[in-house]
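Note: the block below is my_file_22.csv and it holds CSV, C-alpha atoms.
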```
chain,number,residue,atom,x,y,z
A,1,MET,CA,118.1,97.5,93.6
A,2,ALA,CA,115.6,95.8,91.3
A,3,ASP,CA,116.5,96.1,87.6
A,4,GLY,CA,119.1,98.7,88.5
A,5,PHE,CA,116.6,101.3,89.8
A,6,ARG,CA,117.6,103.0,93.0
A,7,ALA,CA,114.4,105.1,93.1
A,8,VAL,CA,111.0,105.0,91.6
A,9,PRO,CA,111.2,107.1,88.4
A,10,PRO,CA,108.6,109.9,88.2
A,11,THR,CA,108.0,108.9,84.5
A,12,LEU,CA,106.0,105.7,85.4
A,13,ALA,CA,103.0,105.5,83.1
A,14,ARG,CA,101.8,101.9,83.5
A,15,TYR,CA,101.3,99.8,86.6
A,16,ARG,CA,100.8,96.1,86.1
A,17,VAL,CA,98.5,94.7,88.9
A,18,PRO,CA,97.6,91.1,89.3
A,19,ARG,CA,93.8,90.5,89.5
A,20,ALA,CA,94.4,88.4,92.7
A,21,LEU,CA,96.1,91.4,94.3
A,22,LEU,CA,93.1,93.6,93.5
A,23,ARG,CA,90.8,91.1,95.0
A,24,ALA,CA,93.0,90.7,98.1
A,25,THR,CA,93.1,94.5,98.4
A,26,ALA,CA,89.4,94.9,98.4
A,27,GLN,CA,88.8,92.1,100.9
A,28,THR,CA,91.6,93.3,103.2
A,29,LEU,CA,90.2,96.9,103.2
A,30,ARG,CA,86.7,95.6,104.0
A,31,ASP,CA,88.1,93.5,106.8
A,32,LEU,CA,90.1,96.3,108.3
A,33,SER,CA,87.5,99.0,107.9
A,34,ARG,CA,84.7,96.9,109.3
A,35,ASP,CA,82.3,99.5,107.8
A,36,ALA,CA,83.3,101.9,110.5
A,37,ILE,CA,86.9,103.1,110.2
A,38,GLU,CA,89.4,104.1,107.5
A,39,ALA,CA,92.1,101.6,106.6
A,40,VAL,CA,95.2,101.6,104.4
A,41,VAL,CA,97.2,99.0,102.5
A,42,LEU,CA,100.2,99.3,100.2
A,43,TRP,CA,101.3,97.7,97.0
A,44,GLN,CA,104.9,96.7,96.9
A,45,GLY,CA,106.6,96.0,93.7
A,46,HIS,CA,109.5,96.6,91.3
A,47,VAL,CA,110.2,99.0,88.5
A,48,VAL,CA,110.5,97.3,85.1
A,49,SER,CA,111.5,100.3,83.1
A,50,GLU,CA,111.3,104.1,83.2
A,51,VAL,CA,107.6,103.8,82.4
A,52,VAL,CA,106.4,100.4,83.7
A,53,ALA,CA,106.2,99.0,87.3
A,54,GLU,CA,104.7,95.8,88.6
A,55,ALA,CA,102.9,95.4,91.9
A,56,THR,CA,104.0,92.1,93.5
A,57,GLU,CA,102.7,92.1,97.0
A,58,LEU,CA,100.0,93.5,99.3
A,59,VAL,CA,101.4,95.0,102.4
A,60,VAL,CA,99.2,95.7,105.5
A,61,PRO,CA,101.0,98.1,107.8
A,62,GLU,CA,100.3,98.4,111.5
A,63,GLN,CA,98.0,101.4,111.7
A,64,ARG,CA,95.8,103.5,114.0
A,65,ALA,CA,92.5,104.5,112.5
A,66,GLY,CA,89.2,106.2,113.2
A,67,ARG,CA,86.1,107.0,111.1
A,68,LEU,CA,87.9,109.9,109.4
A,69,HIS,CA,91.6,109.1,109.4
A,70,PHE,CA,94.3,106.5,109.4
A,71,ASP,CA,97.9,106.8,110.6
A,72,VAL,CA,100.9,104.5,110.2
A,73,PRO,CA,103.3,105.3,113.1
A,74,LEU,CA,106.9,106.4,112.1
A,75,ASP,CA,108.5,103.2,113.5
A,76,GLU,CA,106.2,101.1,111.3
A,77,ARG,CA,107.0,103.3,108.3
A,78,LEU,CA,110.7,102.8,108.9
A,79,ARG,CA,110.3,99.1,109.3
A,80,LEU,CA,108.4,98.9,106.0
A,81,VAL,CA,111.0,100.8,104.1
A,82,GLU,CA,113.8,98.6,105.4
A,83,ARG,CA,111.9,95.4,104.6
A,84,VAL,CA,110.9,96.5,101.1
A,85,ALA,CA,114.4,97.8,100.3
A,86,ALA,CA,116.0,94.6,101.4
A,87,ARG,CA,114.0,92.8,98.7
A,88,GLY,CA,115.1,95.4,96.1
A,89,GLU,CA,111.5,96.7,95.7
A,90,PHE,CA,109.5,99.8,96.5
A,91,ILE,CA,106.2,100.9,97.9
A,92,LEU,CA,104.5,101.9,94.7
A,93,VAL,CA,100.9,102.6,95.6
A,94,GLN,CA,98.9,103.4,98.7
A,95,VAL,CA,95.2,102.3,98.8
A,96,HIS,CA,92.9,103.5,101.5
A,97,THR,CA,89.2,103.9,102.4
A,98,HIS,CA,86.9,106.8,103.1
A,99,PRO,CA,83.6,106.7,104.9
A,100,ALA,CA,81.7,108.3,101.9
A,101,GLU,CA,82.8,109.8,98.6
A,102,ALA,CA,86.4,109.2,97.5
A,103,PHE,CA,88.7,112.2,97.4
A,104,HIS,CA,92.2,113.1,98.7
A,105,SER,CA,91.8,115.1,101.9
A,106,ALA,CA,94.3,117.4,103.5
A,107,ALA,CA,95.1,114.7,106.0
A,108,ASP,CA,95.7,112.2,103.2
A,109,ASP,CA,98.1,114.7,101.6
A,110,ARG,CA,100.1,115.0,104.9
A,111,LEU,CA,100.0,111.3,105.9
A,112,ALA,CA,100.6,109.6,102.6
A,113,ILE,CA,103.1,106.8,102.9
A,114,PRO,CA,104.7,106.8,99.4
A,115,ARG,CA,106.1,110.3,99.0
A,116,HIS,CA,108.2,110.0,95.8
A,117,LEU,CA,107.4,112.2,92.8
A,118,GLY,CA,104.7,110.5,90.9
A,119,ALA,CA,103.6,108.3,93.8
A,120,LEU,CA,100.0,107.0,93.6
A,121,SER,CA,97.3,107.2,96.3
A,122,ILE,CA,94.0,105.4,95.6
A,123,VAL,CA,90.9,106.3,97.6
A,124,VAL,CA,88.1,103.7,97.9
A,125,PRO,CA,84.7,105.1,98.9
A,126,TYR,CA,82.3,103.7,101.6
A,127,PHE,CA,84.9,101.8,103.5
A,128,ALA,CA,85.3,99.5,100.4
A,129,ARG,CA,81.9,98.0,101.4
A,130,ASP,CA,80.9,97.0,97.9
A,131,TRP,CA,84.2,97.5,96.1
A,132,ASP,CA,85.3,94.6,93.9
A,133,GLY,CA,88.7,95.9,92.9
A,134,ASP,CA,87.5,97.9,89.9
A,135,LEU,CA,89.9,100.9,89.9
A,136,ARG,CA,87.4,103.0,87.9
A,137,ALA,CA,85.2,103.1,91.0
A,138,THR,CA,87.9,104.9,93.0
A,139,SER,CA,89.6,108.2,93.1
A,140,VAL,CA,93.3,108.0,92.0
A,141,HIS,CA,95.8,110.7,92.9
A,142,ARG,CA,99.4,111.3,91.8
A,143,HIS,CA,102.0,113.1,93.9
A,144,ALA,CA,103.1,116.2,91.9
A,145,GLY,CA,105.7,117.2,94.5
A,146,ALA,CA,105.8,119.7,97.3
A,147,GLY,CA,103.0,117.8,99.1
A,148,VAL,CA,100.5,118.4,96.2
A,149,TRP,CA,98.4,115.5,95.1
A,150,GLU,CA,96.5,115.8,91.8
A,151,GLU,CA,93.4,113.7,91.0
A,152,LEU,CA,93.7,111.8,87.7
A,153,PRO,CA,90.8,111.8,85.2
A,154,ARG,CA,88.9,108.6,84.7
A,155,GLY,CA,90.5,108.1,81.2
A,156,ALA,CA,94.0,108.3,82.6
A,157,VAL,CA,93.1,105.7,85.3
A,158,GLU,CA,92.0,103.2,82.7
A,159,THR,CA,95.3,103.5,80.8
A,160,LEU,CA,97.5,103.7,83.9
A,161,PHE,CA,96.6,100.3,85.3
A,162,GLU,CA,97.0,97.0,83.5
A,163,VAL,CA,95.2,94.2,85.3
A,164,THR,CA,97.1,90.9,84.7
A,165,PRO,CA,95.9,87.3,85.3
```

Can you turn what I pasted into structure tokens?
Amino acid sequence: MADGFRAVPPTLARYRVPRALLRATAQTLRDLSRDAIEAVVLWQGHVVSEVVAEATELVVPEQRAGRLHFDVPLDERLRLVERVAARGEFILVQVHTHPAEAFHSAADDRLAIPRHLGALSIVVPYFARDWDGDLRATSVHRHAGAGVWEELPRGAVETLFEVTP
């Protein structure tokens, strides 16, 4: 596994995200949502240390979606895990859209793709219609275990992500 990590440590406190990946995420979510349905993308990457991870690739899974939900079928989830693991990386973050305000719904809790302790789920409001990749304009949630997702305060979001050139 990358840098000797066999799992994503729950102690991650910093995610390095290339600016181009943020721009691609915003555009892809707009394209998939078409201002009418929810959409999800994933950030693949590697763990640098117990506290730092780097997002390296935007992953667009096969998905079924409607105005108020998205679902990535089990066979697609298994294919993603196999593909990512073969590269020695992990699914670090899930990013998805909502039709209105950003929050983590009960369906989001159940259907989240990354499930490891400390996993991140970012919710972008209004189908990412006007989103430019600024993470402060989203709702960011961390998996606390046992299916519980906790919203992070704005100040924590600003220190959690380092946007790189």

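Closest approach to A:Leu12 among A:Thr25, A:Gln63, A:Thr159, A:Ser33 is made by A:Thr159 (distances from only C-alpha atoms).
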
Counting only C-alpha atoms, the residue of A:Ala128, A:Ile122, A:Val93, A:Ala146 that sits nearest A:Glu54: A:Val93

Residue list as a PDB file with C-alpha atoms, in the frame of the given file for point (91.6, 98.2, 103.4), cut-off 9 Å, only C-alpha atoms:
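Once everything was written out, this is selection.pdb:
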```pdb
ATOM      1  CA  THR A  25      93.100  94.500  98.400  1.00  0.00           C
ATOM      2  CA  ALA A  26      89.400  94.900  98.400  1.00  0.00           C
ATOM      3  CA  GLN A  27      88.800  92.100 100.900  1.00  0.00           C
ATOM      4  CA  THR A  28      91.600  93.300 103.200  1.00  0.00           C
ATOM      5  CA  LEU A  29      90.200  96.900 103.200  1.00  0.00           C
ATOM      6  CA  ARG A  30      86.700  95.600 104.000  1.00  0.00           C
ATOM      7  CA  ASP A  31      88.100  93.500 106.800  1.00  0.00           C
ATOM      8  CA  LEU A  32      90.100  96.300 108.300  1.00  0.00           C
ATOM      9  CA  SER A  33      87.500  99.000 107.900  1.00  0.00           C
ATOM     10  CA  GLU A  38      89.400 104.100 107.500  1.00  0.00           C
ATOM     11  CA  ALA A  39      92.100 101.600 106.600  1.00  0.00           C
ATOM     12  CA  VAL A  40      95.200 101.600 104.400  1.00  0.00           C
ATOM     13  CA  VAL A  41      97.200  99.000 102.500  1.00  0.00           C
ATOM     14  CA  VAL A  60      99.200  95.700 105.500  1.00  0.00           C
ATOM     15  CA  VAL A  95      95.200 102.300  98.800  1.00  0.00           C
ATOM     16  CA  HIS A  96      92.900 103.500 101.500  1.00  0.00           C
ATOM     17  CA  THR A  97      89.200 103.900 102.400  1.00  0.00           C
ATOM     18  CA  VAL A 124      88.100 103.700  97.900  1.00  0.00           C
ATOM     19  CA  PHE A 127      84.900 101.800 103.500  1.00  0.00           C
ATOM     20  CA  ALA A 128      85.300  99.500 100.400  1.00  0.00           C
TER      21      ALA A 128
END
```

Among listed residues A:Val123, A:Leu68, A:Val84, A:Leu92, nearest A:Arg14 (using all atoms listed in the file):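 Closest residue, counting all atoms listed in the file: A:Leu92.
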
Between atom CA of A:Arg23 and atom CA of A:Phe90 - distance in Å to one decimal: 20.7 Å

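Compared by their closest atoms to A:Ala119, and using only C-alpha atoms, the residues A:Pro73, A:Pro10, A:Ala86, A:Val157 rank with A:Pro10 nearest.
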
Residue with smallest distance to A:Val72 - pool A:Asp108, A:His46, A:Ala55, A:Gly147, counting only C-alpha atoms: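 Selected residue with least distance to A:Val72: A:Asp108.
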
Point-to-point distance in Å for atom CA of A:Thr138 and atom CA of A:Tyr126: 10.3 Å

Separation of atom CA of A:Ser139 from atom CA of A:Ala102 in Å: 5.5 Å

Distance criterion (only C-alpha atoms): nearest to A:Ala106 out of A:Leu58, A:Ala65, A:Val148, A:Ala53: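 Going through A:Leu58, A:Ala65, A:Val148, A:Ala53 one by one, the smallest distance to A:Ala106 is for A:Val148.
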
At the level of C-alpha atoms, write stretch 50-68 of chain A to a file as a PDB file, in the first residue's frame, please.
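File selection.pdb, as written:
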```
ATOM      1  CA  GLU A  50      -0.849   9.779  10.069  1.00  0.00           C
ATOM      2  CA  VAL A  51      -2.180  13.327   9.649  1.00  0.00           C
ATOM      3  CA  VAL A  52      -1.810  14.216   5.940  1.00  0.00           C
ATOM      4  CA  ALA A  53      -3.414  12.828   2.767  1.00  0.00           C
ATOM      5  CA  GLU A  54      -3.210  13.990  -0.836  1.00  0.00           C
ATOM      6  CA  ALA A  55      -6.061  13.797  -3.310  1.00  0.00           C
ATOM      7  CA  THR A  56      -4.688  12.682  -6.669  1.00  0.00           C
ATOM      8  CA  GLU A  57      -7.602  11.843  -8.925  1.00  0.00           C
ATOM      9  CA  LEU A  58     -11.273  12.611  -9.532  1.00  0.00           C
ATOM     10  CA  VAL A  59     -13.322   9.419  -9.795  1.00  0.00           C
ATOM     11  CA  VAL A  60     -16.775   9.454 -11.362  1.00  0.00           C
ATOM     12  CA  PRO A  61     -18.592   6.258 -10.413  1.00  0.00           C
ATOM     13  CA  GLU A  62     -21.494   4.783 -12.341  1.00  0.00           C
ATOM     14  CA  GLN A  63     -24.567   6.008 -10.506  1.00  0.00           C
ATOM     15  CA  ARG A  64     -28.325   6.135 -10.492  1.00  0.00           C
ATOM     16  CA  ALA A  65     -29.761   9.404  -9.331  1.00  0.00           C
ATOM     17  CA  GLY A  66     -32.898  11.450  -8.930  1.00  0.00           C
ATOM     18  CA  ARG A  67     -33.765  14.891  -7.656  1.00  0.00           C
ATOM     19  CA  LEU A  68     -33.320  13.853  -4.006  1.00  0.00           C
TER      20      LEU A  68
END
```
